[in-house]
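Pasting upload_28.csv here (CSV, N, CA and C atoms):
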chain,number,residue,atom,x,y,z
A,13,VAL,N,0.9,-1.2,0.0
A,13,VAL,CA,0.0,0.0,0.0
A,13,VAL,C,0.9,1.2,0.0
A,14,GLN,N,0.6,2.1,-1.0
A,14,GLN,CA,1.3,3.4,-1.0
A,14,GLN,C,0.3,4.5,-0.6
A,15,LEU,N,0.8,5.4,0.2
A,15,LEU,CA,-0.1,6.5,0.7
A,15,LEU,C,0.4,7.8,0.3
A,16,GLN,N,-0.4,8.7,-0.2
A,16,GLN,CA,-0.1,10.1,-0.6
A,16,GLN,C,-1.0,11.0,0.1
A,17,ALA,N,-0.5,11.8,1.0
A,17,ALA,CA,-1.3,12.9,1.6
A,17,ALA,C,-1.2,14.2,0.9
A,18,SER,N,-2.3,14.9,0.9
A,18,SER,CA,-2.4,16.2,0.2
A,18,SER,C,-3.4,17.1,0.9
A,19,GLY,N,-3.4,18.3,0.5
A,19,GLY,CA,-4.4,19.2,1.1
A,19,GLY,C,-3.9,20.2,2.1
A,20,GLY,N,-2.7,20.1,2.5
A,20,GLY,CA,-2.1,21.1,3.4
A,20,GLY,C,-2.0,22.4,2.8
A,21,GLY,N,-1.7,23.4,3.7
A,21,GLY,CA,-1.5,24.8,3.2
A,21,GLY,C,-1.4,25.7,4.4
A,22,LEU,N,-1.5,27.0,4.0
A,22,LEU,CA,-1.5,28.1,5.0
A,22,LEU,C,-2.9,28.6,5.2
A,23,VAL,N,-3.3,28.7,6.4
A,23,VAL,CA,-4.6,29.2,6.7
A,23,VAL,C,-4.6,30.0,8.0
A,24,GLN,N,-5.5,30.9,8.1
A,24,GLN,CA,-5.6,31.8,9.3
A,24,GLN,C,-6.3,31.0,10.4
A,25,ALA,N,-6.0,31.4,11.6
A,25,ALA,CA,-6.6,30.8,12.8
A,25,ALA,C,-8.2,30.9,12.6
A,26,GLY,N,-8.8,29.8,13.0
A,26,GLY,CA,-10.3,29.8,12.8
A,26,GLY,C,-10.8,29.2,11.5
A,27,GLY,N,-9.8,29.1,10.6
A,27,GLY,CA,-10.1,28.6,9.3
A,27,GLY,C,-10.2,27.0,9.2
A,28,SER,N,-10.4,26.5,8.0
A,28,SER,CA,-10.6,25.1,7.8
A,28,SER,C,-9.7,24.6,6.7
A,29,LEU,N,-9.4,23.3,6.8
A,29,LEU,CA,-8.7,22.6,5.7
A,29,LEU,C,-9.2,21.2,5.7
A,30,ARG,N,-9.1,20.6,4.5
A,30,ARG,CA,-9.4,19.1,4.4
A,30,ARG,C,-8.2,18.4,3.8
A,31,LEU,N,-7.7,17.5,4.6
A,31,LEU,CA,-6.6,16.7,4.1
A,31,LEU,C,-7.1,15.4,3.5
A,32,SER,N,-6.5,15.0,2.5
A,32,SER,CA,-6.8,13.7,1.8
A,32,SER,C,-5.6,12.8,1.8
A,33,CYS,N,-5.8,11.5,1.9
A,33,CYS,CA,-4.8,10.5,1.8
A,33,CYS,C,-5.2,9.5,0.8
A,34,ALA,N,-4.6,9.5,-0.3
A,34,ALA,CA,-5.0,8.5,-1.4
A,34,ALA,C,-4.1,7.3,-1.3
A,35,ALA,N,-4.7,6.1,-1.3
A,35,ALA,CA,-4.0,4.9,-1.2
A,35,ALA,C,-4.0,4.1,-2.5
A,36,SER,N,-2.9,3.4,-2.8
A,36,SER,CA,-2.9,2.5,-3.9
A,36,SER,C,-3.1,1.1,-3.4
A,37,GLY,N,-3.5,0.2,-4.3
A,37,GLY,CA,-3.6,-1.2,-3.8
A,37,GLY,C,-5.1,-1.5,-3.6
A,38,ARG,N,-5.4,-2.8,-3.8
A,38,ARG,CA,-6.7,-3.3,-3.7
A,38,ARG,C,-7.2,-3.6,-2.3
A,39,THR,N,-6.2,-3.6,-1.4
A,39,THR,CA,-6.6,-4.0,0.0
A,39,THR,C,-6.8,-2.8,0.9
A,40,PHE,N,-7.0,-1.7,0.4
A,40,PHE,CA,-7.1,-0.5,1.3
A,40,PHE,C,-8.2,-0.7,2.3
A,41,SER,N,-9.3,-1.3,1.9
A,41,SER,CA,-10.5,-1.4,2.7
A,41,SER,C,-10.3,-2.4,3.9
A,42,THR,N,-9.2,-3.1,3.9
A,42,THR,CA,-8.9,-4.0,5.0
A,42,THR,C,-8.0,-3.3,6.1
A,43,TYR,N,-7.6,-2.1,5.9
A,43,TYR,CA,-6.7,-1.4,6.8
A,43,TYR,C,-7.4,-0.3,7.6
A,44,ALA,N,-7.1,-0.3,8.9
A,44,ALA,CA,-7.4,0.8,9.7
A,44,ALA,C,-6.5,1.9,9.3
A,45,MET,N,-6.9,3.1,9.4
A,45,MET,CA,-6.1,4.3,8.9
A,45,MET,C,-6.0,5.3,10.1
A,46,GLY,N,-4.9,6.0,10.1
A,46,GLY,CA,-4.7,7.0,11.1
A,46,GLY,C,-4.0,8.3,10.5
A,47,TRP,N,-4.3,9.4,11.2
A,47,TRP,CA,-3.6,10.6,10.9
A,47,TRP,C,-2.7,11.0,12.1
A,48,PHE,N,-1.6,11.4,11.8
A,48,PHE,CA,-0.6,11.8,12.9
A,48,PHE,C,0.0,13.2,12.5
A,49,ARG,N,0.6,13.8,13.4
A,49,ARG,CA,1.2,15.1,13.1
A,49,ARG,C,2.5,15.3,13.9
A,50,GLN,N,3.4,16.1,13.3
A,50,GLN,CA,4.7,16.4,14.0
A,50,GLN,C,5.0,17.8,13.8
A,51,ALA,N,5.0,18.5,14.9
A,51,ALA,CA,5.4,19.9,14.9
A,51,ALA,C,6.9,20.1,15.1
A,52,PRO,N,7.5,21.2,14.6
A,52,PRO,CA,9.0,21.3,14.7
A,52,PRO,C,9.4,21.2,16.2
A,53,GLY,N,10.4,20.3,16.4
A,53,GLY,CA,11.0,20.1,17.7
A,53,GLY,C,10.2,19.3,18.6
A,54,LYS,N,9.1,18.7,18.1
A,54,LYS,CA,8.2,17.9,18.9
A,54,LYS,C,8.1,16.4,18.4
A,55,GLU,N,7.7,15.5,19.2
A,55,GLU,CA,7.5,14.2,18.7
A,55,GLU,C,6.2,14.1,17.9
A,56,ARG,N,6.2,13.0,17.1
A,56,ARG,CA,5.0,12.8,16.3
A,56,ARG,C,3.9,12.3,17.2
A,57,GLU,N,2.7,12.8,17.0
A,57,GLU,CA,1.6,12.5,17.8
A,57,GLU,C,0.4,12.0,17.1
A,58,PHE,N,-0.4,11.2,17.7
A,58,PHE,CA,-1.7,10.7,17.1
A,58,PHE,C,-2.7,11.8,17.0
A,59,VAL,N,-3.4,11.8,15.9
A,59,VAL,CA,-4.5,12.8,15.7
A,59,VAL,C,-5.9,12.1,15.6
A,60,ALA,N,-6.0,11.1,14.8
A,60,ALA,CA,-7.3,10.5,14.6
A,60,ALA,C,-7.1,9.1,13.9
A,61,ALA,N,-8.0,8.2,14.1
A,61,ALA,CA,-8.0,6.9,13.5
A,61,ALA,C,-9.4,6.5,13.1
A,62,ILE,N,-9.5,5.6,12.1
A,62,ILE,CA,-10.8,5.1,11.6
A,62,ILE,C,-10.6,3.7,11.3
A,63,SER,N,-11.6,2.9,11.6
A,63,SER,CA,-11.6,1.5,11.4
A,63,SER,C,-11.7,1.2,9.9
A,64,TRP,N,-11.5,-0.1,9.5
A,64,TRP,CA,-11.5,-0.4,8.1
A,64,TRP,C,-12.8,-0.1,7.4
A,65,SER,N,-13.9,-0.3,8.1
A,65,SER,CA,-15.2,0.0,7.6
A,65,SER,C,-15.7,1.4,7.6
A,66,GLY,N,-15.0,2.2,8.5
A,66,GLY,CA,-15.4,3.5,8.7
A,66,GLY,C,-16.4,3.7,9.8
A,67,ALA,N,-16.8,2.6,10.4
A,67,ALA,CA,-17.9,2.6,11.4
A,67,ALA,C,-17.4,3.2,12.8
A,68,ASN,N,-16.1,3.1,13.0
A,68,ASN,CA,-15.6,3.5,14.3
A,68,ASN,C,-14.5,4.5,14.1
A,69,THR,N,-14.4,5.5,14.9
A,69,THR,CA,-13.4,6.5,14.8
A,69,THR,C,-12.9,6.9,16.2
A,70,ARG,N,-11.7,7.5,16.2
A,70,ARG,CA,-11.1,7.9,17.5
A,70,ARG,C,-10.3,9.2,17.2
A,71,HIS,N,-10.5,10.2,18.1
A,71,HIS,CA,-9.8,11.4,17.9
A,71,HIS,C,-9.0,11.8,19.1
A,72,ALA,N,-7.9,12.4,19.0
A,72,ALA,CA,-7.1,12.9,20.1
A,72,ALA,C,-7.9,14.0,20.8
A,73,ASP,N,-7.8,14.1,22.1
A,73,ASP,CA,-8.5,15.1,22.9
A,73,ASP,C,-8.3,16.5,22.4
A,74,SER,N,-7.0,16.8,21.9
A,74,SER,CA,-6.7,18.1,21.4
A,74,SER,C,-7.4,18.5,20.2
A,75,VAL,N,-8.0,17.6,19.5
A,75,VAL,CA,-8.7,18.0,18.2
A,75,VAL,C,-10.2,17.6,18.2
A,76,LYS,N,-10.6,16.9,19.3
A,76,LYS,CA,-12.0,16.5,19.4
A,76,LYS,C,-12.9,17.6,19.3
A,77,GLY,N,-13.9,17.5,18.4
A,77,GLY,CA,-14.9,18.5,18.2
A,77,GLY,C,-14.5,19.5,17.1
A,78,ARG,N,-13.3,19.4,16.7
A,78,ARG,CA,-12.8,20.3,15.6
A,78,ARG,C,-12.4,19.6,14.4
A,79,PHE,N,-11.8,18.4,14.5
A,79,PHE,CA,-11.3,17.6,13.4
A,79,PHE,C,-12.2,16.3,13.3
A,80,THR,N,-12.4,15.9,12.0
A,80,THR,CA,-13.2,14.7,11.8
A,80,THR,C,-12.5,13.8,10.8
A,81,ILE,N,-12.3,12.6,11.1
A,81,ILE,CA,-11.7,11.6,10.1
A,81,ILE,C,-12.8,10.9,9.5
A,82,SER,N,-12.6,10.6,8.2
A,82,SER,CA,-13.6,9.8,7.4
A,82,SER,C,-12.9,9.1,6.3
A,83,ARG,N,-13.6,8.2,5.7
A,83,ARG,CA,-13.0,7.4,4.6
A,83,ARG,C,-14.0,7.1,3.5
A,84,ASP,N,-13.5,6.9,2.3
A,84,ASP,CA,-14.3,6.4,1.2
A,84,ASP,C,-13.6,5.3,0.6
A,85,ASN,N,-14.0,4.1,0.9
A,85,ASN,CA,-13.2,2.9,0.4
A,85,ASN,C,-13.4,2.7,-1.1
A,86,ALA,N,-14.4,3.2,-1.7
A,86,ALA,CA,-14.6,3.1,-3.1
A,86,ALA,C,-13.6,4.0,-3.8
A,87,LYS,N,-13.1,5.0,-3.1
A,87,LYS,CA,-12.1,5.9,-3.7
A,87,LYS,C,-10.7,5.7,-3.1
A,88,ASN,N,-10.6,4.7,-2.3
A,88,ASN,CA,-9.3,4.4,-1.6
A,88,ASN,C,-8.7,5.7,-0.9
A,89,THR,N,-9.5,6.4,-0.3
A,89,THR,CA,-9.1,7.7,0.3
A,89,THR,C,-9.6,7.9,1.7
A,90,VAL,N,-8.8,8.4,2.6
A,90,VAL,CA,-9.2,8.8,3.9
A,90,VAL,C,-9.0,10.3,4.0
A,91,TYR,N,-9.9,10.9,4.8
A,91,TYR,CA,-9.9,12.4,4.9
A,91,TYR,C,-9.7,12.8,6.3
A,92,LEU,N,-9.3,14.0,6.5
A,92,LEU,CA,-9.2,14.7,7.8
A,92,LEU,C,-9.8,16.1,7.6
A,93,GLN,N,-11.0,16.3,8.0
A,93,GLN,CA,-11.6,17.6,8.0
A,93,GLN,C,-11.2,18.4,9.2
A,94,MET,N,-10.5,19.5,9.1
A,94,MET,CA,-10.0,20.3,10.2
A,94,MET,C,-10.7,21.7,10.2
A,95,ASN,N,-11.5,21.9,11.2
A,95,ASN,CA,-12.2,23.2,11.4
A,95,ASN,C,-11.6,23.9,12.6
A,96,SER,N,-11.9,25.2,12.7
A,96,SER,CA,-11.5,26.0,13.9
A,96,SER,C,-10.0,25.8,14.2
A,97,LEU,N,-9.2,25.9,13.2
A,97,LEU,CA,-7.8,25.6,13.3
A,97,LEU,C,-7.1,26.7,14.2
A,98,LYS,N,-6.2,26.2,14.9
A,98,LYS,CA,-5.4,27.0,15.9
A,98,LYS,C,-3.9,27.0,15.5
A,99,PRO,N,-3.2,28.0,15.9
A,99,PRO,CA,-1.8,28.0,15.6
A,99,PRO,C,-1.0,26.8,16.1
A,100,GLU,N,-1.5,26.2,17.2
A,100,GLU,CA,-0.8,25.0,17.7
A,100,GLU,C,-1.1,23.8,16.9
A,101,ASP,N,-2.0,23.9,15.9
A,101,ASP,CA,-2.2,22.8,15.0
A,101,ASP,C,-1.2,22.7,13.9
A,102,THR,N,-0.3,23.8,13.8
A,102,THR,CA,0.7,23.8,12.8
A,102,THR,C,1.7,22.6,12.9
A,103,ALA,N,1.8,21.9,11.8
A,103,ALA,CA,2.6,20.6,11.9
A,103,ALA,C,2.7,20.0,10.5
A,104,VAL,N,3.5,19.0,10.3
A,104,VAL,CA,3.4,18.2,9.2
A,104,VAL,C,2.5,17.0,9.5
A,105,TYR,N,1.5,16.8,8.7
A,105,TYR,CA,0.5,15.8,8.9
A,105,TYR,C,0.8,14.6,8.0
A,106,TYR,N,0.7,13.4,8.7
A,106,TYR,CA,1.0,12.1,8.0
A,106,TYR,C,-0.2,11.2,8.1
A,107,CYS,N,-0.5,10.4,7.1
A,107,CYS,CA,-1.4,9.4,7.2
A,107,CYS,C,-0.7,8.0,7.2
A,108,ALA,N,-1.3,7.1,7.8
A,108,ALA,CA,-0.7,5.8,8.0
A,108,ALA,C,-1.7,4.7,8.0
A,109,ALA,N,-1.3,3.5,7.7
A,109,ALA,CA,-2.2,2.3,7.6
A,109,ALA,C,-1.7,1.2,8.5
A,110,SER,N,-2.7,0.5,9.1
A,110,SER,CA,-2.4,-0.7,9.9
A,110,SER,C,-3.4,-1.8,9.6
A,111,GLN,N,-3.0,-3.0,9.3
A,111,GLN,CA,-3.9,-4.1,9.0
A,111,GLN,C,-4.2,-4.8,10.3
A,112,SER,N,-3.4,-4.7,11.3
A,112,SER,CA,-3.6,-5.6,12.5
A,112,SER,C,-4.1,-4.8,13.7
A,113,SER,N,-3.8,-3.5,13.8
A,113,SER,CA,-4.2,-2.8,15.0
A,113,SER,C,-5.6,-2.3,15.0
A,114,SER,N,-6.2,-2.3,16.2
A,114,SER,CA,-7.5,-1.6,16.3
A,114,SER,C,-7.3,-0.1,16.4
A,115,ILE,N,-8.3,0.6,16.3
A,115,ILE,CA,-8.1,2.1,16.4
A,115,ILE,C,-7.7,2.5,17.8
A,116,SER,N,-8.1,1.7,18.8
A,116,SER,CA,-7.7,2.0,20.1
A,116,SER,C,-6.2,1.8,20.3
A,117,THR,N,-5.7,0.8,19.7
A,117,THR,CA,-4.3,0.5,19.7
A,117,THR,C,-3.5,1.6,18.9
A,118,ILE,N,-4.1,1.9,17.8
A,118,ILE,CA,-3.4,3.0,17.0
A,118,ILE,C,-3.4,4.3,17.9
A,119,ALA,N,-4.5,4.6,18.5
A,119,ALA,CA,-4.5,5.8,19.3
A,119,ALA,C,-3.6,5.9,20.5
A,120,THR,N,-3.4,4.8,21.1
A,120,THR,CA,-2.6,4.8,22.3
A,120,THR,C,-1.2,4.1,22.3
A,121,MET,N,-1.0,3.2,21.3
A,121,MET,CA,0.2,2.4,21.3
A,121,MET,C,0.8,2.3,19.9
A,122,TRP,N,0.5,3.3,19.1
A,122,TRP,CA,1.1,3.2,17.7
A,122,TRP,C,2.6,3.3,17.7
A,123,ALA,N,3.2,4.0,18.6
A,123,ALA,CA,4.7,4.1,18.6
A,123,ALA,C,5.3,2.8,19.0
A,124,ARG,N,4.6,2.0,19.8
A,124,ARG,CA,5.1,0.7,20.3
A,124,ARG,C,4.9,-0.3,19.2
A,125,TYR,N,3.8,-0.4,18.7
A,125,TYR,CA,3.5,-1.5,17.7
A,125,TYR,C,3.7,-1.1,16.3
A,126,GLY,N,3.8,0.1,16.0
A,126,GLY,CA,4.1,0.6,14.6
A,126,GLY,C,2.9,0.6,13.7
A,127,MET,N,3.0,1.2,12.6
A,127,MET,CA,2.0,1.2,11.6
A,127,MET,C,2.6,0.5,10.4
A,128,ASP,N,1.8,-0.1,9.6
A,128,ASP,CA,2.4,-0.9,8.4
A,128,ASP,C,2.9,0.0,7.3
A,129,TYR,N,2.2,1.1,7.1
A,129,TYR,CA,2.7,2.0,6.0
A,129,TYR,C,2.5,3.4,6.4
A,130,TRP,N,3.4,4.2,5.9
A,130,TRP,CA,3.3,5.7,6.2
A,130,TRP,C,3.3,6.4,4.8
A,131,GLY,N,2.6,7.5,4.7
A,131,GLY,CA,2.7,8.4,3.6
A,131,GLY,C,3.7,9.5,3.9
A,132,LYS,N,4.1,10.2,2.9
A,132,LYS,CA,4.8,11.4,3.1
A,132,LYS,C,3.9,12.5,3.6
A,133,GLY,N,4.4,13.4,4.4
A,133,GLY,CA,3.5,14.3,5.1
A,133,GLY,C,3.1,15.5,4.2
A,134,THR,N,2.1,16.2,4.7
A,134,THR,CA,1.7,17.5,4.1
A,134,THR,C,1.7,18.5,5.2
A,135,GLN,N,2.3,19.7,4.8
A,135,GLN,CA,2.4,20.8,5.8
A,135,GLN,C,1.2,21.6,6.0
A,136,VAL,N,0.8,21.7,7.3
A,136,VAL,CA,-0.3,22.6,7.6
A,136,VAL,C,0.3,23.7,8.5
A,137,THR,N,0.0,25.0,8.1
A,137,THR,CA,0.5,26.1,8.8
A,137,THR,C,-0.7,27.0,9.2
A,138,VAL,N,-0.9,27.3,10.4
A,138,VAL,CA,-2.0,28.1,10.9
A,138,VAL,C,-1.4,29.4,11.5
A,139,SER,N,-1.8,30.5,10.8
A,139,SER,CA,-1.3,31.8,11.3
A,139,SER,C,-2.2,32.4,12.3
A,140,SER,N,-1.7,33.2,13.2
A,140,SER,CA,-2.5,33.8,14.3
A,140,SER,C,-3.0,35.2,13.8
Full structure transcribed into structure tokens:
Amino acid sequence: VQLQASGGGLVQAGGSLRLSCAASGRTFSTYAMGWFRQAPGKEREFVAAISWSGANTRHADSVKGRFTISRDNAKNTVYLQMNSLKPEDTAVYYCAASQSSSISTIATMWARYGMDYWGKGTQVTVSS
């Protein structure tokens, strides 16, 4: 599975962006997907995860109520809708796939168990 994230950019605080992560391969629908971010000088952190069917999602407390993860298996794409953006949301955003981990495991132990595939990141910059 190859992943390509897009949709990043520069936005003012309070604005919105929608990130997309396009996946290659026929088995996309069998993978749980996650979004992560890494700000300069900080460790990569979990943002959101979605189950293979899309029925279950998990969001980090820092983005809950503002960000929404979704997926379209027919289009092999996972999305991250980001609303009410804050300067502290500035980071490189990465999408990743896991065939074996639940979204709870992705949310809490992704660094320990790893993700199967990572995409290249897309930069999100929120100005104050």
Contacts of Asn88 of chain A at 10 Å (only C-alpha atoms; same-chain gap of 2+ positions) as a ChimeraX atom specification: /A:15,33-41,83-86,90
Closest to Phe79 of chain A among A:Ala17, A:Cys107, A:Ala61, A:Met94, using only N, CA and C atoms? A:Met94
Would you kindly return, as a PDB file with N, CA and C atoms, in the coordinates of the input, each protein, DNA or RNA residue with an atom no farther than 8 Å from any atom of Thr69 of chain A, considering all atoms listed in the file and excluding same-chain residues fewer than 6 positions away?
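Ended up saving to around-v6.pdb:
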ATOM      1  N   ALA A  60      -6.000  11.100  14.800  1.00  0.00           N
ATOM      2  CA  ALA A  60      -7.300  10.500  14.600  1.00  0.00           C
ATOM      3  C   ALA A  60      -7.100   9.100  13.900  1.00  0.00           C
ATOM      4  N   ALA A  61      -8.000   8.200  14.100  1.00  0.00           N
ATOM      5  CA  ALA A  61      -8.000   6.900  13.500  1.00  0.00           C
ATOM      6  C   ALA A  61      -9.400   6.500  13.100  1.00  0.00           C
ATOM      7  N   ILE A  62      -9.500   5.600  12.100  1.00  0.00           N
ATOM      8  CA  ILE A  62     -10.800   5.100  11.600  1.00  0.00           C
ATOM      9  C   ILE A  62     -10.600   3.700  11.300  1.00  0.00           C
ATOM     10  N   SER A  63     -11.600   2.900  11.600  1.00  0.00           N
ATOM     11  CA  SER A  63     -11.600   1.500  11.400  1.00  0.00           C
ATOM     12  C   SER A  63     -11.700   1.200   9.900  1.00  0.00           C
ATOM     13  N   ILE A  81     -12.300  12.600  11.100  1.00  0.00           N
ATOM     14  CA  ILE A  81     -11.700  11.600  10.100  1.00  0.00           C
ATOM     15  C   ILE A  81     -12.800  10.900   9.500  1.00  0.00           C
ATOM     16  N   SER A  82     -12.600  10.600   8.200  1.00  0.00           N
ATOM     17  CA  SER A  82     -13.600   9.800   7.400  1.00  0.00           C
ATOM     18  C   SER A  82     -12.900   9.100   6.300  1.00  0.00           C
ATOM     19  N   ILE A 115      -8.300   0.600  16.300  1.00  0.00           N
ATOM     20  CA  ILE A 115      -8.100   2.100  16.400  1.00  0.00           C
ATOM     21  C   ILE A 115      -7.700   2.500  17.800  1.00  0.00           C
ATOM     22  N   SER A 116      -8.100   1.700  18.800  1.00  0.00           N
ATOM     23  CA  SER A 116      -7.700   2.000  20.100  1.00  0.00           C
ATOM     24  C   SER A 116      -6.200   1.800  20.300  1.00  0.00           C
TER      25      SER A 116
END
Write out as a list in words the residues lying within 6 Å of Leu31 of chain A, counting all atoms listed in the file and excluding same-chain residues fewer than 5 positions away. Ser18, Gly19, Gly20, Val90, Tyr91, Leu92, Gln93 and Met94 of chain A
Could you pull out the alpha helix (DSSP H) residues of chain A from DSSP and send them as a PyMOL selection string? chain A and resi 115-125
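Atom CA of Ala51 of chain A lies 22.0 Å from atom CA of Asp128 of chain A.
A straight line drawn from atom N of Leu29 of chain A to atom CA of Ser140 of chain A is 14.6 Å long.
Running DSSP on the backbone and keeping only strand (DSSP E), the residues of segment 36-96 of chain A that qualify are Ala44, Met45, Gly46, Trp47, Phe48, Arg49, Gln50, Glu57, Phe58, Val59, Ala60, Ala61, Ile62, Thr69, Arg70, His71, Phe79, Thr80, Ile81, Ser82, Arg83, Asp84, Thr89, Val90, Tyr91, Leu92, Gln93 and Met94 of chain A.
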List the residues sitting within 6 Å of (5.7, 24.5, 13.0) in the file's frame, using all atoms listed in the file, as a PyMOL selection string. chain A and resi 51-52+102-103
Within 6.5 Å of Pro99 of chain A, counting all atoms listed in the file, which residues show up once you throw out same-chain ones fewer than 6 positions away? Write them as a list of chain:residue names, please. A:Ala25, A:Val138, A:Ser139, A:Ser140
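Going from atom CA of Thr42 of chain A to atom CA of Tyr106 of chain A covers 19.1 Å.
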At a cut-off of 8 Å around the point (3.6, 5.6, 12.1) (file coordinates), what residues fall inside when counting all atoms listed in the file? I'd like the answer as a short mmCIF file (atom, residue, chain, number, x, y, z; two decimals) with N, CA and C atoms, keeping the file's coordinate frame.
data_model
loop_
_atom_site.label_atom_id
_atom_site.label_comp_id
_atom_site.auth_asym_id
_atom_site.auth_seq_id
_atom_site.Cartn_x
_atom_site.Cartn_y
_atom_site.Cartn_z
N PHE A 48 -1.60 11.40 11.80
CA PHE A 48 -0.60 11.80 12.90
C PHE A 48 0.00 13.20 12.50
N TYR A 106 0.70 13.40 8.70
CA TYR A 106 1.00 12.10 8.00
C TYR A 106 -0.20 11.20 8.10
N CYS A 107 -0.50 10.40 7.10
CA CYS A 107 -1.40 9.40 7.20
C CYS A 107 -0.70 8.00 7.20
N ALA A 108 -1.30 7.10 7.80
CA ALA A 108 -0.70 5.80 8.00
C ALA A 108 -1.70 4.70 8.00
N ALA A 109 -1.30 3.50 7.70
CA ALA A 109 -2.20 2.30 7.60
C ALA A 109 -1.70 1.20 8.50
N TRP A 122 0.50 3.30 19.10
CA TRP A 122 1.10 3.20 17.70
C TRP A 122 2.60 3.30 17.70
N ALA A 123 3.20 4.00 18.60
CA ALA A 123 4.70 4.10 18.60
C ALA A 123 5.30 2.80 19.00
N TYR A 125 3.80 -0.40 18.70
CA TYR A 125 3.50 -1.50 17.70
C TYR A 125 3.70 -1.10 16.30
N GLY A 126 3.80 0.10 16.00
CA GLY A 126 4.10 0.60 14.60
C GLY A 126 2.90 0.60 13.70
N MET A 127 3.00 1.20 12.60
CA MET A 127 2.00 1.20 11.60
C MET A 127 2.60 0.50 10.40
N ASP A 128 1.80 -0.10 9.60
CA ASP A 128 2.40 -0.90 8.40
C ASP A 128 2.90 0.00 7.30
N TYR A 129 2.20 1.10 7.10
CA TYR A 129 2.70 2.00 6.00
C TYR A 129 2.50 3.40 6.40
N TRP A 130 3.40 4.20 5.90
CA TRP A 130 3.30 5.70 6.20
C TRP A 130 3.30 6.40 4.80
N GLY A 131 2.60 7.50 4.70
CA GLY A 131 2.70 8.40 3.60
C GLY A 131 3.70 9.50 3.90
#
